[in-house]
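K.L.:
My questions will all concern the structure given below.
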Amino acid sequence: MRSIKDKRGITLVELIVVLAILAAVLIPSLIGYIDKAKQRAVIAEARDVWTASQAALSECYAMYPESFAASCKFKSTIGGVQMTRLGRISNGALHALQKNSNEAGTSSRRIAGQVLAYLDSADKNAGPRYTFGSGNIPTGNTRPSNYFTTEPKSTDVIIQIFHTADGRMVALNFGKNGYMVTMVRDQETTCVRDGNCLPS
């Protein structure tokens with residue numbers, strides 16, 4: 001018969017080793033899942049911005065079609081294609097209109113005003129869904145890490161919208177929480193940690 005002294009349990013050192021191995025295996029997986037969940041959330045918000053932007057473009061084009069040609073003066077390489085005569089709306093116009101809604105006049109400002117309204121962000125003092133940091137205009141080198149010079153608020157975003165002279169969305173950049181989403185009509189959406197804006 002065996003004595004009680006022969007029965008041996010797991011030691012504290014063995015338990016710590018097992019826990020360390022489990023942590024080494026599980027933590028990277030959990031971090032990967034968390035990162036993917038954040039990406040999906042930012043992409044979902046970008047889709048909302050695309051929809052609101054297209055609605056604003058359609059509405060403004062229906063009311064002021066003649067004003068679009070004058071504001072479509074930008075060019076960019078989008079989806080590997082050099083495009084010209086594009087309209088562009090970005091943080092500069094969105095920020096200015098959020099601070100002073102009386103600045104609407106050109107088609108770009110009208111569209112920007114409608115985008116703000118559709119995104120529940122028209123009044124900076126009324127708890128807007130989105131704010132635009134300092135209101136600087138993004139460039140092709142703009143990334144979330146170099147756009148926000150201070151710690152961004154939870155509402156701070158980068159938005160850059162490209163559209164045609166006939167009021168159709170071409171592309172959208174949406175930067176939030178350190179991610180940059182790029183949506184191009186008829187192409188797959190990309191979401192890159194600290195990715196660049198499209199050039200203009």
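The way I read the labels, and the way they are meant: chains A, B, ... in the order of the structure tokens, residue 1 as the first residue of every chain, and ligand 1 as the first ligand shown, with later ones counted on from there.
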What are the closest atom pairs, with distances in Å to one decimal, for all residues of segment 17-120 of chain A lying within 10 Å of segment 179-184 of chain A? Consider only C-alpha atoms, order rows by chain and residue number, and present the result as a Markdown table.
P.N.:
| residue | atom | partner | partner_atom | distance |
| --- | --- | --- | --- | --- |
| A:Lys38 | CA | A:Tyr179 | CA | 8.8 |
| A:Gln39 | CA | A:Tyr179 | CA | 7.3 |
| A:Val42 | CA | A:Val181 | CA | 7.4 |
| A:Ile43 | CA | A:Val181 | CA | 6.4 |
| A:Ala44 | CA | A:Val181 | CA | 9.9 |
| A:Glu45 | CA | A:Val181 | CA | 9.5 |
| A:Ala46 | CA | A:Val181 | CA | 6.9 |
| A:Arg47 | CA | A:Met183 | CA | 8.3 |
| A:Trp50 | CA | A:Met183 | CA | 8.2 |
| A:Ile78 | CA | A:Val184 | CA | 7.3 |
| A:Gly79 | CA | A:Val184 | CA | 6.8 |
K.L.:
I'd like to know which residues of segment 138-173 of chain A are helix (DSSP H, G or I) (by DSSP, run on the backbone); could you write them as a PyMOL selection string?
P.N.:
chain A and resi 144-147
K.L.:
Generate the output file for the selected residues, N, CA and C atoms, as a compact mmCIF listing (two decimals), in the first residue's frame.
P.N.:
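Here's the written file selection.txt:
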# COMPACT_ATOMS: atom_id res chain seq x y z
N PRO A 144 -2.57 58.96 -39.97
CA PRO A 144 -3.10 59.37 -38.66
C PRO A 144 -2.00 59.82 -37.69
N SER A 145 -0.85 59.18 -37.73
CA SER A 145 0.21 59.52 -36.76
C SER A 145 0.83 60.89 -37.02
N ASN A 146 0.82 61.38 -38.26
CA ASN A 146 1.41 62.70 -38.50
C ASN A 146 0.37 63.79 -38.72
N TYR A 147 -0.90 63.43 -38.79
CA TYR A 147 -1.95 64.44 -38.96
C TYR A 147 -2.32 65.07 -37.62
K.L.:
Which of these, A:Ala41, A:Val18, A:Ile161, A:Met63, has the shortest distance to Lys176 of chain A once you count only C-alpha atoms?
P.N.:
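Looking only at the distances to Lys176 of chain A, the closest residue turns out to be A:Ala41.
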K.L.:
Skipping near chain neighbours, those fewer than 4 positions away, what residues fall within 10 Å of Cys60 of chain A using only C-alpha atoms, listed as a ChimeraX atom specification?
P.N.:
/A:54-56,64-65,67-68,107-108,110-112,114,167
K.L.:
Those same residues - N, CA and C atoms - I'd like them written as a PDB file, in the first residue's frame.
P.N.:
ATOM      1  N   GLN A  54     -22.206  60.182 -50.699  1.00  0.00           N
ATOM      2  CA  GLN A  54     -22.887  59.992 -51.976  1.00  0.00           C
ATOM      3  C   GLN A  54     -24.277  60.636 -51.941  1.00  0.00           C
ATOM      4  N   ALA A  55     -24.969  60.531 -50.821  1.00  0.00           N
ATOM      5  CA  ALA A  55     -26.277  61.167 -50.690  1.00  0.00           C
ATOM      6  C   ALA A  55     -26.144  62.688 -50.805  1.00  0.00           C
ATOM      7  N   ALA A  56     -25.136  63.252 -50.155  1.00  0.00           N
ATOM      8  CA  ALA A  56     -24.911  64.701 -50.217  1.00  0.00           C
ATOM      9  C   ALA A  56     -24.557  65.131 -51.642  1.00  0.00           C
ATOM     10  N   TYR A  64     -27.622  72.021 -57.868  1.00  0.00           N
ATOM     11  CA  TYR A  64     -26.638  72.965 -58.400  1.00  0.00           C
ATOM     12  C   TYR A  64     -25.678  72.270 -59.378  1.00  0.00           C
ATOM     13  N   PRO A  65     -26.149  71.656 -60.435  1.00  0.00           N
ATOM     14  CA  PRO A  65     -25.246  70.901 -61.320  1.00  0.00           C
ATOM     15  C   PRO A  65     -24.187  71.783 -61.981  1.00  0.00           C
ATOM     16  N   SER A  67     -22.492  74.156 -60.786  1.00  0.00           N
ATOM     17  CA  SER A  67     -21.377  74.565 -59.918  1.00  0.00           C
ATOM     18  C   SER A  67     -20.323  73.466 -59.765  1.00  0.00           C
ATOM     19  N   PHE A  68     -20.615  72.251 -60.190  1.00  0.00           N
ATOM     20  CA  PHE A  68     -19.686  71.153 -59.987  1.00  0.00           C
ATOM     21  C   PHE A  68     -18.446  71.259 -60.872  1.00  0.00           C
ATOM     22  N   SER A 107     -19.816  74.612 -54.626  1.00  0.00           N
ATOM     23  CA  SER A 107     -20.393  73.265 -54.566  1.00  0.00           C
ATOM     24  C   SER A 107     -19.672  72.421 -53.529  1.00  0.00           C
ATOM     25  N   SER A 108     -18.347  72.574 -53.420  1.00  0.00           N
ATOM     26  CA  SER A 108     -17.604  71.785 -52.421  1.00  0.00           C
ATOM     27  C   SER A 108     -18.078  72.102 -51.007  1.00  0.00           C
ATOM     28  N   ARG A 110     -21.032  73.367 -50.205  1.00  0.00           N
ATOM     29  CA  ARG A 110     -22.404  72.870 -50.054  1.00  0.00           C
ATOM     30  C   ARG A 110     -22.409  71.378 -49.755  1.00  0.00           C
ATOM     31  N   ILE A 111     -21.595  70.645 -50.501  1.00  0.00           N
ATOM     32  CA  ILE A 111     -21.503  69.193 -50.287  1.00  0.00           C
ATOM     33  C   ILE A 111     -20.978  68.916 -48.889  1.00  0.00           C
ATOM     34  N   ALA A 112     -19.924  69.632 -48.507  1.00  0.00           N
ATOM     35  CA  ALA A 112     -19.341  69.432 -47.170  1.00  0.00           C
ATOM     36  C   ALA A 112     -20.381  69.699 -46.092  1.00  0.00           C
ATOM     37  N   GLN A 114     -23.632  69.354 -46.351  1.00  0.00           N
ATOM     38  CA  GLN A 114     -24.583  68.241 -46.350  1.00  0.00           C
ATOM     39  C   GLN A 114     -23.965  66.981 -45.738  1.00  0.00           C
ATOM     40  N   GLY A 167     -21.321  64.284 -59.893  1.00  0.00           N
ATOM     41  CA  GLY A 167     -21.820  63.978 -58.558  1.00  0.00           C
ATOM     42  C   GLY A 167     -21.703  62.533 -58.117  1.00  0.00           C
TER      43      GLY A 167
END
K.L.:
Find the spatial neighbours of Asn100 of chain A, counting only C-alpha atoms, within a cut-off of 12 Å - ignore same-chain residues fewer than 5 positions away - and output them as a list in words.
P.N.:
Ala93, Leu94, His95, Arg109, Gly113, Ala122, Asp123, Lys124 and Asn125 of chain A
K.L.:
Among segment 34-122 of chain A, which ones does DSSP place in strand (DSSP E), written as a count of residues only?
P.N.:
15
K.L.:
In terms of the shortest atom-to-atom distance over only C-alpha atoms, which of A:Asp35, A:Glu188, A:Asp194, A:Asp166 is closest to Ala62 of chain A?
P.N.:
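Checking each candidate against Ala62 of chain A, we get A:Asp166 as the closest.
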K.L.:
Within 8 Å of Asp120 of chain A, counting only C-alpha atoms, which residues qualify if same-chain residues fewer than 4 places away don't, as number ranges by chain?
P.N.:
A: 116, 128-130
K.L.:
Using only C-alpha atoms for the distances, tell me which of A:Val157, A:Ala96, A:Val13, A:Met83 is nearest to Gly175 of chain A.
P.N.:
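The answer is A:Val157, which sits nearest to Gly175 of chain A.
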